[in-house]
Amino acid sequence: MIVEIGHYALVLALALSVIQTVLPFWGARARDASLMGIGPVAAVGVFICVAIAFGALTWAYVTSDFTVRNVVENSHSLKPLLFRITGLWGNHEGSMLLWVLVVALFGALLAVARNMAPGVLRADALAVQGLISVAFLTFIISVSNPFARLVAPPAEGQDLNPILQDIGLAIHPPLLYIGYVGFSLVFAFAAAALIGGRIDAIWARAVRPWCLIAWAFLTLGIAMGSYWAYYELGWGGFWFWDPVENASFMPWLSGTALLHSILVMEKRDALKVWTILLAILTFSLSLLGAFLVRSGVLTSVHAFATDPGRGLFILAILVFFIGGGFALFAWRAPLLKTGGLFAPVSREGALVVNNLLLATACATVFIGTLYPLALEGLTGDKISVGPPFYDATFVPLAMALLLLIPFGQALAWKRGDLAGAVSRLLFVMGLSIVACLAIVFMQHGGPVLAVIGLWLGIFVFVGGVNEILSRSWKRGASLSVVLRRAAGLPRSAWGAAVAHAGVGVCVIGLAAQAWSIETLASVRPGQPLAVGPYEVVLTDSFSRQVANYREDVARFHVLQGGAIIRTVDASKRFFPARNTSTTEAGISTIGLGQVYVALGDAGEHGLGVRLYWKPWVLLIWIGAVIAAIGGALSFSDRRLRVGAPTRGRRKQPAAKDATAMATVAAQ
């Protein structure tokens, strides 16, 4: 019965989504406050219905209801409760339901955030968001029903893909989807602005908080996915330029450009056309990611579906929203008025260059991702585009962007002084060079690109710290005064500085991997193997039965100077329900670095192992978390949470209706 309630809730959500799409849009055209007021109510109703459906499917997984096809194909009664729940989004149908839940969540948040956007803009944005819900709910109900029943249910399920049975997959998809799908509301605001023909600083102020939310969660989602691949897949890497990895990275790049472009638009009422284009492009790239993962065009550990019928349906959604968005842009963009002017050498000018570099980097990743697919579709030839291509194209653009960040922070708005900015950054540059040379000396040299990358990371980090210090410290000021000034800075200023510092920390961690050490060997018990400044010794091996798998464990001691400082367990797991084996790496964190142990096959000469020493590797993910915290700080700025003012109610009861209509017209 609960399963049927979930299915009916989806149908009701579809009906409410149609209402959310049609009536607010009609009301905005007719300036009818009553029709516009239906939009928020419908949006909340859609979210409640989709949440009920999501809860019903969750209940089916928790109770191992094997009358539901989706549960049979992706669960097992012996699987731990956490992985039974997370198995819901470890498959195509469940992941699409999570996708729609996030779409509905953002629509509901906009519905309850009454003062964050003018009335007509809010109504049109809710209508566009409702249209997105209509498209994906139609897809789920028609060809991807997660509640489909089996006539003859089996006694046991087929279990979930073993590599997805991990805490990382409990966290990674929800974070990623809030980022991916969060940009749908930014797209909705862009489409609403084009429909209404009003794009100004008020629009930028209304859309910036939603862009910050999506960007921060997408940052965390990508970082969590990277860490999951690092420790779960057993190859010792954290990024492989896999097409599905790129599918999440492209909207992050364009979303980062969008954030900076919105800032210029809010400050100077400039870059209107470019900002709207970026908003459409960012959500288009998110839809492209959904198509790549769920259409069957890719074979990847990330991919969910191989059904061409579903792929064609998603392709139709992709074409409709991308084509419709760009058609609307082509119709309205020529009518937009140019905004304020600024000098090329200014903070706005630096942000424009920032946008150009980010857009070019995104285009590079786009070409590297889709060119092999296009070539195979046209000629049948298969090629792979891997790290060498991105090292030659993406890395130089990234280096130029990193070099620009501290200079952009040091320039004034509207008209800057480049010589003055350089003089203010001399201490930052000198400190960064000294710190970089000290690290290179301790590491006994290193590759030139790694040294440059290390310096750029330190330069960006120190530049972020300097941004706060330069605005808080004045010559002769006491510490209490400096702290008081720092505390009085806008949270958006803190957020920008923290986010940039986080990027610097991440780059330091990436550059430090040039000093990683890898050891491949066959090892016997008691035989020490050197890996970086440590030795690793195999001490024991044993088997154990855990929940729905059997595990063969090899235990290692990590030694420094002959003393045991860590114990590491690496293992191989066998899942009988899937008849599949996985390798679980053993990782020991020492400071900010890690000793990484991955098992190979046992042979005549002992157990095959792959050992790594990865200095400062944790900085990669710590930096991403710091950057996301910076986004959260910016979002918490009160100036972004207080929207456009609305007229207060008049005391005369007879003028109530006239007042409502005047308010709508003014907005």
# chains A, B, ... in the order shown; residues from 1 in each chain; ligands from 1

$ closest_atom_pairs --of "stretch 392-462 of chain A" --to "stretch 343-348 of chain A" --cutoff "6 Å" --atoms "only C-alpha atoms" --output "CSV"
residue,atom,partner,partner_atom,distance
A:Gly408,CA,A:Arg347,CA,5.4
A:Leu411,CA,A:Arg347,CA,5.1
A:Ala412,CA,A:Arg347,CA,5.5
A:Trp413,CA,A:Arg347,CA,5.0
A:Lys414,CA,A:Ser346,CA,5.5
A:Arg415,CA,A:Ser346,CA,4.8
A:Gly416,CA,A:Ser346,CA,4.2

$ residues_around --residues "A:Phe461" --least-positions-apart "3" --cutoff "10 Å" --atoms "only C-alpha atoms" --output "list in words"
Ile405, Pro406, Val428, Ser432, Trp455, Leu456, Gly457, Ile458, Gly464, Val465, Asn466, Ala497, Val498, Ala499, His500, Ala501, Gly502, Val503, Gly504, Val505, Cys506, Val507, Ile508 and Gly623 of chain A

$ residues_around --residues "A:Val625" --least-positions-apart "3" --cutoff "8 Å" --atoms "only C-alpha atoms" --output "number ranges by chain"
A: 219-220, 223, 502, 621-622, 628-629

$ write_last_selection --atoms "C-alpha atoms" --output "short mmCIF file (atom, residue, chain, number, x, y, z; two decimals), in the first residue's frame"
data_model
loop_
_atom_site.label_atom_id
_atom_site.label_comp_id
_atom_site.auth_asym_id
_atom_site.auth_seq_id
_atom_site.Cartn_x
_atom_site.Cartn_y
_atom_site.Cartn_z
CA THR A 219 32.08 21.88 -4.84
CA LEU A 220 31.52 19.49 -1.94
CA ALA A 223 35.36 16.71 -3.73
CA GLY A 502 40.50 27.29 -0.11
CA TRP A 621 39.86 17.91 -0.15
CA ILE A 622 40.43 20.25 2.80
CA ALA A 628 32.56 25.67 0.09
CA ILE A 629 32.62 27.29 3.54
#

$ atom_distance --atom1 "atom CA of A:Ile262" --atom2 "atom CA of A:Thr275"
6.3 Å

$ atom_distance --atom1 "atom CA of A:Ser636" --atom2 "atom CA of A:Ser492"
7.8 Å

$ closest_atom_pairs --of "stretch 47-113 of chain A" --to "stretch 562-575 of chain A" --cutoff "12 Å" --atoms "only C-alpha atoms" --output "tab-separated table"
residue	atom	partner	partner_atom	distance
A:His76	CA	A:Phe575	CA	10.9
A:Leu78	CA	A:Phe575	CA	11.1
A:Lys79	CA	A:Phe575	CA	10.5

$ residues_around --residues "stretch 171-177 of chain A" --least-positions-apart "4" --cutoff "7 Å" --atoms "only C-alpha atoms" --output "ChimeraX atom specification"
/A:99,167,181,217-218,220-222,224-225

$ residues_around --residues "stretch 26-42 of chain A" --least-positions-apart "5" --cutoff "10 Å" --atoms "only C-alpha atoms" --output "VMD selection string"
chain A and resid 13 15 to 21 47 to 48 107 to 114 119 to 127 130 195 to 196 657 660 to 665
